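**Student:** Can you read through this structure? Questions will come right after.
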Amino acid sequence: MKRWTKIGISAALFTTIFSAGAYAATAVPKIFVNGNQVKSSLQPKIIDGSVYIPIRAVSEGLGADIQWDNKAKNVYVDSDPNFKMETSATAYVFGRNLAFKWIMAYDERSVAEANALVAPSFKTDIYKESFPGGTYNLATIVDMKVVARSEIGLTVRIVQRVTAEDDYKVKVEKWDFIFENNKIKSVKVVPKSTKYLDRYTLFPGTSFGI
């Protein structure tokens, strides 16, 4: 979507006001999201002292879904263009809590807690064969967010910090959860969803990576 969108002053993370002068006239602004520079074919522009940036660059940097409705001239960020009425809201909350409990149990290597949440036929490619043991890679998940759902499951965006055995700083990927009879039937990595970052800023003052 090659359109320039002015981000309001409430989005303080992305909107910067530059004073008039030679610096504002010559410097090319850069976009940083979660501590990482976001590349875009459209460069930020300074117009009348305000910075204009391509909204797709920011949305993708945050892992947000973005859609453009050319007919209605609307931009949808993490929104449903065909929204009419939410259904099964309680089912979503139950599934989210189930997935988050499993993620926390996995992250803390609580085998009994994790196994209590899964179906007898449970399958995963998050780890091989048996549940990881020990504390070597303990507590690596620093952020998680549900980004999609279906009638039988949901997708969670996971952010993991570096461990001693890994050659990356921060890994972001999506995990698909499938439910069956109020249990987790499977947890698998969404193909081609894995990304590696130099750093990830959870909020100002708390960053992971270099």
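Chain labels A, B, ... are given in the sequence in which chains occur in the structure tokens; within each chain residues are numbered consecutively from 1, and ligands are likewise numbered from 1 in the order shown.
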Range 42-137 of chain A near range 146-151 of chain A within 8 Å: what's each residue's closest atom pair and its distance in Å to one decimal, counting only C-alpha atoms, ordered by chain then ascending residue number, as a tab-separated table?
**Tutor:**
```
residue	atom	partner	partner_atom	distance
A:Ala64	CA	A:Val147	CA	7.9
A:Tyr92	CA	A:Arg149	CA	7.9
A:Arg96	CA	A:Val146	CA	7.4
```
**Student:** Using DSSP assignments from the backbone, pull out every residue in range 8-210 of chain A that falls under alpha helix (DSSP H) and give it to me as a ChimeraX atom specification.
**Tutor:** /A:22-26,55-61,89-107,111-115
**Student:** Using only C-alpha atoms, find the one residue out of A:Ile66, A:Val51, A:Leu138, A:Ile178 that sits nearest to Gln160 in chain A.
**Tutor:**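 Distance minimum relative to Gln160 in chain A lands on A:Leu138.
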**Student:** Near Glu180 in chain A, counting only C-alpha atoms, which residues have an atom at most 10 Å away, once you skip same-chain residues fewer than 6 positions from it, shown as a list in words?
**Tutor:**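 Within the cut-off, the hits are Val118, Ala119, Ser121, Phe122, Ile152, Gly153 and Ser186 of chain A.
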**Student:** If we count only C-alpha atoms, what is near Ile126 in chain A at a cut-off of 10 Å, once residues fewer than 6 positions away on the same chain are taken out, given as a list of chain:residue names?
**Tutor:** A:Tyr106, A:Pro132, A:Trp175, A:Ser186, A:Val187, A:Lys188, A:Val189
**Student:** How about saving the chosen residues, C-alpha atoms kept, as a short mmCIF file (atom, residue, chain, number, x, y, z; two decimals), in the first residue's frame?
**Tutor:**
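Once written, selection_13.cif looks like this:
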```cif
data_model
loop_
_atom_site.label_atom_id
_atom_site.label_comp_id
_atom_site.auth_asym_id
_atom_site.auth_seq_id
_atom_site.Cartn_x
_atom_site.Cartn_y
_atom_site.Cartn_z
CA TYR A 106 6.75 -24.86 28.57
CA PRO A 132 12.50 -30.32 27.35
CA TRP A 175 2.66 -20.93 16.90
CA SER A 186 -1.27 -29.73 18.77
CA VAL A 187 1.17 -26.80 18.84
CA LYS A 188 3.16 -26.20 15.65
CA VAL A 189 5.25 -23.41 14.17
#
```
**Student:** Of the candidates A:Met144, A:Ile158, A:Ile31, A:Ala57, which one gets nearest to Lys171 in chain A if we count only C-alpha atoms?
**Tutor:**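 Among A:Met144, A:Ile158, A:Ile31, A:Ala57, it is A:Ile158 that comes nearest to Lys171 in chain A.
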**Student:** As a ChimeraX atom specification, list the residues of range 43-120 of chain A assigned to strand (DSSP E or B) by DSSP on the backbone atoms of this structure.
**Tutor:** /A:45-47,50-53,66-69,74-77,118-120
**Student:** Residues at most 8 Å from Gly35 in chain A, counting only C-alpha atoms, excluding those fewer than 6 positions away in the same chain, as an NGL selection string?
**Tutor:** :A and (199-201 or 207)
**Student:** So what do you get for CA of Arg157 in chain A versus CA of Val93 in chain A, distance-wise?
**Tutor:**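 Calculated distance between CA of Arg157 in chain A and CA of Val93 in chain A is 16.2 Å.
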